[in-house]
Amino acid sequence: MYNKKLKYKVFSIFTAAILTLTAVAPVYAEEENLEAEAISGESDADASADQTAPDITGLTYESTMDLSFAECFDVYYYKDGYKLLDVHDSARYLLVPEGKEAPEGLDDDIQVLQQPLDTIYMAATSPMALFDAIGSVDSIKLSGLDASGWYIQSAADAINNGDMTFAGKYDEPDYELLVGEDCDLAIESTMILHAPKVQEMIETLGIPVFIDRSSYESQPLGRTEWIKLYGAMMNKEEEANAFFDQQSQIIEKLKDFTNTEKTVAFFYINTSGAPVVRNPKDYISSMIEVAGGRNAFADLQDDSGKTSVSITMEEFYNTAVDADYLIYNSSIDATVKSLDDLLAKDSLMADFKAVKEGNVWVTDDSMYQHTDTIGELINDFNLMLTGGSEEDMTFLHKLG
């Protein structure tokens, strides 16, 4: 593990390289707020139950974390407080307890995270709500958003109070600040896969990079169950389990919503003018189903593993023209504030059934950050489908 002085030395060696890397790092403006929509083409992981505990020389395996819905990670417990976080299709991280050392001869693909992790750079946005739920926001000292970008109040307050510092976006981090603050972990969304040189530089400076893949969960509660992984990371398993059990009970109460058979097209238009819809196997599609609706694109054939899929306007028109409801994803594209804004994207949408009947909705900008309250979005979907009051909704707003 790098100490602070060594980080400064490495930083000085690579100062010139930093400027070059920052200049060439790709920027995807239309997806900067899309916490979990990196289009990497990677497939989802196998079910957690099928994973075998890795044999680590020098450590004695004790147990595996019990997971109910999450399929994209596993946590293995070893004697003396060691833990292995296995993020499928990404990386493995060995959590080393404070005062102890990592065993020798670790596999090359295992990154060491030395506890306590008390100076975290949170470049991803969806984990912040989970850190908040287990009372660990105080461990996040560096942020990828400024105060105005956070919808998690504790994060905005921490920046305004000086307890957290804006350290640059995921693709343009302030390397000097990361080193100067002795950052011990960078938590990134899968958007960092679009900026591999940035990830490489952060790791070169001795800062491990943890990539959150919660968006690849197919079940809504699978995404929320990532709180257990972060609970393990912060030694707050009890708090994480209690919170997850509470959310599970909320979803359990929502599961008996009557099937309305009404179809919903959840989408946005990217900067190239192409509609982007949800993969029928992803968690948003599952939430619509739980709420009593049907994803209009349930028959979409896509095996890429992407959580969202770009299609042609012709494909979108043929499928969504008869959808009962349109929901525009303002978490990605906040330019749609009225029905006129939507029709400005493509005038053909004036022919859509949902437009003619006044059933066009937009999501709240904060939707992706609130991984801790998925029951509220499911409830919003159900209220929309059953003619409930917009005043009772949290994340949906009707376009006039």
# chains A, B, ... in the order shown; residues from 1 in each chain; ligands from 1
>>> residues_around(residues="segment 149-165 of chain A", least_positions_apart="6", cutoff="7 Å", atoms="only C-alpha atoms", output="number ranges by chain")
A: 129, 137, 140-143, 366, 369
>>> write_last_selection(atoms="N, CA and C atoms", output="PDB file, in the first residue's frame")
ATOM      1  N   ALA A 129     -26.494   7.307  -1.594  1.00  0.00           N
ATOM      2  CA  ALA A 129     -27.689   7.081  -0.785  1.00  0.00           C
ATOM      3  C   ALA A 129     -27.509   5.880   0.132  1.00  0.00           C
ATOM      4  N   VAL A 137     -21.529   8.567   5.354  1.00  0.00           N
ATOM      5  CA  VAL A 137     -21.188   9.690   4.475  1.00  0.00           C
ATOM      6  C   VAL A 137     -19.939  10.409   4.973  1.00  0.00           C
ATOM      7  N   ILE A 140     -16.680   9.811   3.216  1.00  0.00           N
ATOM      8  CA  ILE A 140     -16.513  10.342   1.860  1.00  0.00           C
ATOM      9  C   ILE A 140     -16.036  11.781   1.981  1.00  0.00           C
ATOM     10  N   LYS A 141     -14.776  11.998   1.709  1.00  0.00           N
ATOM     11  CA  LYS A 141     -14.197  13.337   1.850  1.00  0.00           C
ATOM     12  C   LYS A 141     -14.092  14.073   0.519  1.00  0.00           C
ATOM     13  N   LEU A 142     -14.196  13.318  -0.591  1.00  0.00           N
ATOM     14  CA  LEU A 142     -14.024  13.898  -1.925  1.00  0.00           C
ATOM     15  C   LEU A 142     -15.187  13.473  -2.812  1.00  0.00           C
ATOM     16  N   SER A 143     -15.701  14.409  -3.603  1.00  0.00           N
ATOM     17  CA  SER A 143     -16.921  14.160  -4.363  1.00  0.00           C
ATOM     18  C   SER A 143     -16.741  14.441  -5.849  1.00  0.00           C
ATOM     19  N   SER A 366     -33.571  13.469  -9.854  1.00  0.00           N
ATOM     20  CA  SER A 366     -32.865  12.798  -8.760  1.00  0.00           C
ATOM     21  C   SER A 366     -33.025  11.289  -8.755  1.00  0.00           C
ATOM     22  N   GLN A 369     -30.103   8.745  -8.161  1.00  0.00           N
ATOM     23  CA  GLN A 369     -29.335   8.841  -6.923  1.00  0.00           C
ATOM     24  C   GLN A 369     -30.029   8.160  -5.753  1.00  0.00           C
TER      25      GLN A 369
END
>>> residues_around(residues="Phe266 of chain A", least_positions_apart="6", cutoff="8 Å", atoms="only C-alpha atoms", output="number ranges by chain")
A: 277-278, 295, 326-329
>>> residues_around(residues="Met233 of chain A", least_positions_apart="3", cutoff="9 Å", atoms="only C-alpha atoms", output="list in words")
Lys83, Leu85, Leu95, Leu113, Gln115, Leu117, Lys228, Leu229, Tyr230, Lys236 and Glu237 of chain A
>>> residues_around(residues="Phe210 of chain A", least_positions_apart="3", cutoff="7 Å", atoms="only C-alpha atoms", output="ChimeraX atom specification")
/A:186-188
>>> residues_around(residues="Arg92 of chain A", least_positions_apart="2", cutoff="8 Å", atoms="only C-alpha atoms", output="ChimeraX atom specification")
/A:84-87,90,94,109-111
>>> residues_around(residues="Leu221 of chain A", least_positions_apart="3", cutoff="8 Å", atoms="only C-alpha atoms", output="NGL selection string")
:A and (69-70 or 224-225 or 247-248 or 374)
>>> closest_residue(among="A:Met128, A:Ala344, A:Leu59, A:Val198", to="Tyr170 of chain A", atoms="only C-alpha atoms")
A:Val198
>>> select_by_dssp(residues="segment 167-226 of chain A", states="helix (DSSP H, G or I)", output="list in words")
Tyr175, Glu176, Leu177, Leu178, Val179, Gly180, Thr190, Met191, Ile192, Leu193, His194, Pro196, Lys197, Val198, Gln199, Glu200, Met201, Ile202, Glu203, Thr204, Ser214, Ser215, Tyr216, Pro220, Leu221, Gly222, Arg223, Thr224 and Trp226 of chain A
>>> select_by_dssp(residues="segment 225-353 of chain A", states="strand (DSSP E or B)", output="PyMOL selection string")
chain A and resi 262-269+275-278+293-295+308-310+325-328
>>> write_last_selection(atoms="N, CA, C and O atoms", output="PDB file, in the first residue's frame")
ATOM      1  N   LYS A 262     -51.630  -2.322 -18.961  1.00  0.00           N
ATOM      2  CA  LYS A 262     -51.303  -1.107 -19.687  1.00  0.00           C
ATOM      3  C   LYS A 262     -49.813  -1.084 -19.997  1.00  0.00           C
ATOM      4  O   LYS A 262     -48.988  -1.482 -19.175  1.00  0.00           O
ATOM      5  N   THR A 263     -49.455  -0.602 -21.182  1.00  0.00           N
ATOM      6  CA  THR A 263     -48.065  -0.624 -21.630  1.00  0.00           C
ATOM      7  C   THR A 263     -47.384   0.719 -21.388  1.00  0.00           C
ATOM      8  O   THR A 263     -47.996   1.783 -21.518  1.00  0.00           O
ATOM      9  N   VAL A 264     -46.103   0.631 -21.051  1.00  0.00           N
ATOM     10  CA  VAL A 264     -45.312   1.807 -20.711  1.00  0.00           C
ATOM     11  C   VAL A 264     -44.024   1.812 -21.529  1.00  0.00           C
ATOM     12  O   VAL A 264     -43.290   0.820 -21.552  1.00  0.00           O
ATOM     13  N   ALA A 265     -43.765   2.922 -22.200  1.00  0.00           N
ATOM     14  CA  ALA A 265     -42.495   3.099 -22.926  1.00  0.00           C
ATOM     15  C   ALA A 265     -41.625   4.065 -22.120  1.00  0.00           C
ATOM     16  O   ALA A 265     -41.933   5.251 -22.018  1.00  0.00           O
ATOM     17  N   PHE A 266     -40.573   3.553 -21.536  1.00  0.00           N
ATOM     18  CA  PHE A 266     -39.649   4.339 -20.719  1.00  0.00           C
ATOM     19  C   PHE A 266     -38.432   4.614 -21.595  1.00  0.00           C
ATOM     20  O   PHE A 266     -37.757   3.673 -22.022  1.00  0.00           O
ATOM     21  N   PHE A 267     -38.094   5.906 -21.837  1.00  0.00           N
ATOM     22  CA  PHE A 267     -37.084   6.206 -22.846  1.00  0.00           C
ATOM     23  C   PHE A 267     -36.508   7.598 -22.679  1.00  0.00           C
ATOM     24  O   PHE A 267     -36.975   8.401 -21.862  1.00  0.00           O
ATOM     25  N   TYR A 268     -35.485   7.885 -23.476  1.00  0.00           N
ATOM     26  CA  TYR A 268     -35.034   9.260 -23.708  1.00  0.00           C
ATOM     27  C   TYR A 268     -34.436   9.309 -25.106  1.00  0.00           C
ATOM     28  O   TYR A 268     -34.210   8.263 -25.736  1.00  0.00           O
ATOM     29  N   ILE A 269     -34.204  10.511 -25.621  1.00  0.00           N
ATOM     30  CA  ILE A 269     -33.606  10.688 -26.942  1.00  0.00           C
ATOM     31  C   ILE A 269     -32.167  11.157 -26.751  1.00  0.00           C
ATOM     32  O   ILE A 269     -31.921  12.177 -26.090  1.00  0.00           O
ATOM     33  N   PRO A 275     -33.766   7.114 -30.084  1.00  0.00           N
ATOM     34  CA  PRO A 275     -34.427   6.748 -28.832  1.00  0.00           C
ATOM     35  C   PRO A 275     -33.593   5.684 -28.088  1.00  0.00           C
ATOM     36  O   PRO A 275     -33.025   4.779 -28.703  1.00  0.00           O
ATOM     37  N   VAL A 276     -33.546   5.813 -26.777  1.00  0.00           N
ATOM     38  CA  VAL A 276     -32.858   4.834 -25.937  1.00  0.00           C
ATOM     39  C   VAL A 276     -33.886   4.280 -24.965  1.00  0.00           C
ATOM     40  O   VAL A 276     -34.473   5.017 -24.174  1.00  0.00           O
ATOM     41  N   VAL A 277     -34.122   2.970 -25.031  1.00  0.00           N
ATOM     42  CA  VAL A 277     -35.147   2.330 -24.204  1.00  0.00           C
ATOM     43  C   VAL A 277     -34.492   1.347 -23.237  1.00  0.00           C
ATOM     44  O   VAL A 277     -33.298   1.049 -23.340  1.00  0.00           O
ATOM     45  N   ARG A 278     -35.275   0.833 -22.307  1.00  0.00           N
ATOM     46  CA  ARG A 278     -34.745  -0.085 -21.308  1.00  0.00           C
ATOM     47  C   ARG A 278     -34.693  -1.510 -21.841  1.00  0.00           C
ATOM     48  O   ARG A 278     -35.594  -1.974 -22.549  1.00  0.00           O
ATOM     49  N   GLY A 293     -47.830  -2.760 -14.613  1.00  0.00           N
ATOM     50  CA  GLY A 293     -47.783  -2.376 -16.015  1.00  0.00           C
ATOM     51  C   GLY A 293     -46.978  -3.352 -16.853  1.00  0.00           C
ATOM     52  O   GLY A 293     -46.533  -4.396 -16.365  1.00  0.00           O
ATOM     53  N   ARG A 294     -46.798  -3.003 -18.102  1.00  0.00           N
ATOM     54  CA  ARG A 294     -46.020  -3.839 -19.020  1.00  0.00           C
ATOM     55  C   ARG A 294     -45.049  -2.950 -19.793  1.00  0.00           C
ATOM     56  O   ARG A 294     -45.444  -1.906 -20.326  1.00  0.00           O
ATOM     57  N   ASN A 295     -43.806  -3.365 -19.861  1.00  0.00           N
ATOM     58  CA  ASN A 295     -42.829  -2.652 -20.664  1.00  0.00           C
ATOM     59  C   ASN A 295     -43.213  -2.795 -22.135  1.00  0.00           C
ATOM     60  O   ASN A 295     -43.326  -3.917 -22.639  1.00  0.00           O
ATOM     61  N   SER A 308     -29.557  -0.272 -21.109  1.00  0.00           N
ATOM     62  CA  SER A 308     -30.389   0.524 -22.003  1.00  0.00           C
ATOM     63  C   SER A 308     -29.929   0.276 -23.430  1.00  0.00           C
ATOM     64  O   SER A 308     -28.761  -0.025 -23.677  1.00  0.00           O
ATOM     65  N   VAL A 309     -30.865   0.391 -24.368  1.00  0.00           N
ATOM     66  CA  VAL A 309     -30.593   0.004 -25.753  1.00  0.00           C
ATOM     67  C   VAL A 309     -31.018   1.122 -26.694  1.00  0.00           C
ATOM     68  O   VAL A 309     -32.153   1.599 -26.639  1.00  0.00           O
ATOM     69  N   SER A 310     -30.117   1.534 -27.571  1.00  0.00           N
ATOM     70  CA  SER A 310     -30.419   2.540 -28.574  1.00  0.00           C
ATOM     71  C   SER A 310     -31.053   1.864 -29.785  1.00  0.00           C
ATOM     72  O   SER A 310     -30.541   0.856 -30.290  1.00  0.00           O
ATOM     73  N   TYR A 325     -48.702   4.652 -22.003  1.00  0.00           N
ATOM     74  CA  TYR A 325     -47.987   5.707 -21.292  1.00  0.00           C
ATOM     75  C   TYR A 325     -46.574   5.870 -21.858  1.00  0.00           C
ATOM     76  O   TYR A 325     -45.923   4.888 -22.223  1.00  0.00           O
ATOM     77  N   LEU A 326     -46.135   7.112 -21.921  1.00  0.00           N
ATOM     78  CA  LEU A 326     -44.751   7.426 -22.234  1.00  0.00           C
ATOM     79  C   LEU A 326     -44.121   8.034 -20.985  1.00  0.00           C
ATOM     80  O   LEU A 326     -44.718   8.906 -20.345  1.00  0.00           O
ATOM     81  N   ILE A 327     -42.928   7.551 -20.619  1.00  0.00           N
ATOM     82  CA  ILE A 327     -42.182   8.146 -19.508  1.00  0.00           C
ATOM     83  C   ILE A 327     -40.819   8.559 -20.051  1.00  0.00           C
ATOM     84  O   ILE A 327     -40.034   7.725 -20.495  1.00  0.00           O
ATOM     85  N   TYR A 328     -40.566   9.864 -20.027  1.00  0.00           N
ATOM     86  CA  TYR A 328     -39.287  10.381 -20.527  1.00  0.00           C
ATOM     87  C   TYR A 328     -38.290  10.452 -19.375  1.00  0.00           C
ATOM     88  O   TYR A 328     -38.583  11.009 -18.309  1.00  0.00           O
TER      89      TYR A 328
END
>>> closest_residue(among="A:Phe297, A:Tyr368, A:Tyr216, A:Phe381", to="Phe257 of chain A", atoms="only C-alpha atoms")
A:Phe381
>>> residues_around(residues="Leu254 of chain A", least_positions_apart="3", cutoff="9 Å", atoms="only C-alpha atoms", output="ChimeraX atom specification")
/A:249-251,257,290-291,375,378-379
>>> decode(residues="segment 215-226 of chain A", atoms="all heavy atoms", output="mmCIF file, in the first residue's frame")
data_model
loop_
_atom_site.group_PDB
_atom_site.id
_atom_site.type_symbol
_atom_site.label_atom_id
_atom_site.label_comp_id
_atom_site.auth_asym_id
_atom_site.auth_seq_id
_atom_site.Cartn_x
_atom_site.Cartn_y
_atom_site.Cartn_z
ATOM 1 N N SER A 215 -26.153 -1.202 -11.363
ATOM 2 C CA SER A 215 -27.153 -1.002 -12.420
ATOM 3 C C SER A 215 -27.369 -2.249 -13.253
ATOM 4 O O SER A 215 -28.374 -2.366 -13.956
ATOM 5 C CB SER A 215 -26.719 0.131 -13.351
ATOM 6 O OG SER A 215 -25.574 -0.240 -14.076
ATOM 7 N N TYR A 216 -26.452 -3.197 -13.191
ATOM 8 C CA TYR A 216 -26.590 -4.416 -13.980
ATOM 9 C C TYR A 216 -27.454 -5.462 -13.297
ATOM 10 O O TYR A 216 -27.679 -6.540 -13.843
ATOM 11 C CB TYR A 216 -25.209 -4.989 -14.304
ATOM 12 C CG TYR A 216 -24.491 -4.193 -15.360
ATOM 13 C CD1 TYR A 216 -23.678 -3.122 -15.021
ATOM 14 C CD2 TYR A 216 -24.661 -4.482 -16.707
ATOM 15 C CE1 TYR A 216 -23.042 -2.365 -15.986
ATOM 16 C CE2 TYR A 216 -24.030 -3.736 -17.693
ATOM 17 C CZ TYR A 216 -23.224 -2.675 -17.317
ATOM 18 O OH TYR A 216 -22.592 -1.913 -18.281
ATOM 19 N N GLU A 217 -27.950 -5.148 -12.105
ATOM 20 C CA GLU A 217 -28.872 -6.063 -11.444
ATOM 21 C C GLU A 217 -30.205 -6.056 -12.185
ATOM 22 O O GLU A 217 -30.705 -5.006 -12.579
ATOM 23 C CB GLU A 217 -29.089 -5.643 -9.985
ATOM 24 C CG GLU A 217 -27.842 -5.678 -9.121
ATOM 25 C CD GLU A 217 -27.324 -7.085 -8.855
ATOM 26 O OE1 GLU A 217 -28.049 -8.056 -9.179
ATOM 27 O OE2 GLU A 217 -26.198 -7.215 -8.333
ATOM 28 N N SER A 218 -30.801 -7.225 -12.341
ATOM 29 C CA SER A 218 -32.068 -7.319 -13.067
ATOM 30 C C SER A 218 -33.270 -7.044 -12.171
ATOM 31 O O SER A 218 -34.342 -6.696 -12.659
ATOM 32 C CB SER A 218 -32.216 -8.712 -13.700
ATOM 33 O OG SER A 218 -32.191 -9.715 -12.696
ATOM 34 N N GLN A 219 -33.094 -7.195 -10.858
ATOM 35 C CA GLN A 219 -34.188 -6.966 -9.918
ATOM 36 C C GLN A 219 -33.981 -5.660 -9.154
ATOM 37 O O GLN A 219 -32.858 -5.348 -8.752
ATOM 38 C CB GLN A 219 -34.286 -8.136 -8.927
ATOM 39 C CG GLN A 219 -34.622 -9.464 -9.568
ATOM 40 C CD GLN A 219 -35.986 -9.453 -10.231
ATOM 41 O OE1 GLN A 219 -36.942 -8.878 -9.709
ATOM 42 N NE2 GLN A 219 -36.080 -10.084 -11.397
ATOM 43 N N PRO A 220 -35.045 -4.904 -8.926
ATOM 44 C CA PRO A 220 -34.908 -3.647 -8.179
ATOM 45 C C PRO A 220 -34.245 -3.836 -6.828
ATOM 46 O O PRO A 220 -33.356 -3.069 -6.446
ATOM 47 C CB PRO A 220 -36.361 -3.180 -8.023
ATOM 48 C CG PRO A 220 -37.092 -3.802 -9.165
ATOM 49 C CD PRO A 220 -36.442 -5.127 -9.385
ATOM 50 N N LEU A 221 -34.654 -4.877 -6.088
ATOM 51 C CA LEU A 221 -34.052 -5.110 -4.775
ATOM 52 C C LEU A 221 -32.612 -5.595 -4.892
ATOM 53 O O LEU A 221 -31.841 -5.466 -3.943
ATOM 54 C CB LEU A 221 -34.881 -6.108 -3.974
ATOM 55 C CG LEU A 221 -36.061 -5.499 -3.210
ATOM 56 C CD1 LEU A 221 -36.938 -6.580 -2.601
ATOM 57 C CD2 LEU A 221 -35.560 -4.554 -2.123
ATOM 58 N N GLY A 222 -32.244 -6.132 -6.049
ATOM 59 C CA GLY A 222 -30.847 -6.514 -6.260
ATOM 60 C C GLY A 222 -29.956 -5.289 -6.254
ATOM 61 O O GLY A 222 -28.847 -5.304 -5.714
ATOM 62 N N ARG A 223 -30.461 -4.210 -6.835
ATOM 63 C CA ARG A 223 -29.694 -2.960 -6.851
ATOM 64 C C ARG A 223 -29.549 -2.403 -5.438
ATOM 65 O O ARG A 223 -28.472 -1.983 -5.024
ATOM 66 C CB ARG A 223 -30.381 -1.943 -7.753
ATOM 67 C CG ARG A 223 -29.533 -0.713 -8.040
ATOM 68 C CD ARG A 223 -30.190 0.172 -9.080
ATOM 69 N NE ARG A 223 -29.286 1.250 -9.461
ATOM 70 C CZ ARG A 223 -29.635 2.529 -9.536
ATOM 71 N NH1 ARG A 223 -30.863 2.883 -9.223
ATOM 72 N NH2 ARG A 223 -28.771 3.442 -9.905
ATOM 73 N N THR A 224 -30.650 -2.411 -4.678
ATOM 74 C CA THR A 224 -30.590 -1.921 -3.314
ATOM 75 C C THR A 224 -29.732 -2.808 -2.425
ATOM 76 O O THR A 224 -29.116 -2.334 -1.463
ATOM 77 C CB THR A 224 -32.013 -1.819 -2.726
ATOM 78 O OG1 THR A 224 -32.800 -0.958 -3.546
ATOM 79 C CG2 THR A 224 -31.994 -1.260 -1.313
ATOM 80 N N GLU A 225 -29.653 -4.092 -2.752
ATOM 81 C CA GLU A 225 -28.895 -5.029 -1.915
ATOM 82 C C GLU A 225 -27.394 -4.752 -1.938
ATOM 83 O O GLU A 225 -26.651 -5.285 -1.122
ATOM 84 C CB GLU A 225 -29.184 -6.474 -2.333
ATOM 85 C CG GLU A 225 -28.803 -7.491 -1.268
ATOM 86 C CD GLU A 225 -29.438 -8.852 -1.481
ATOM 87 O OE1 GLU A 225 -29.871 -9.142 -2.617
ATOM 88 O OE2 GLU A 225 -29.504 -9.630 -0.520
ATOM 89 N N TRP A 226 -26.966 -3.865 -2.838
ATOM 90 C CA TRP A 226 -25.561 -3.441 -2.820
ATOM 91 C C TRP A 226 -25.220 -2.721 -1.519
ATOM 92 O O TRP A 226 -24.052 -2.535 -1.203
ATOM 93 C CB TRP A 226 -25.250 -2.565 -4.039
ATOM 94 C CG TRP A 226 -24.935 -3.377 -5.252
ATOM 95 C CD1 TRP A 226 -25.790 -4.193 -5.938
ATOM 96 C CD2 TRP A 226 -23.670 -3.496 -5.908
ATOM 97 N NE1 TRP A 226 -25.136 -4.803 -6.987
ATOM 98 C CE2 TRP A 226 -23.837 -4.390 -6.996
ATOM 99 C CE3 TRP A 226 -22.425 -2.925 -5.702
ATOM 100 C CZ2 TRP A 226 -22.792 -4.729 -7.849
ATOM 101 C CZ3 TRP A 226 -21.380 -3.251 -6.564
ATOM 102 C CH2 TRP A 226 -21.569 -4.149 -7.610
#
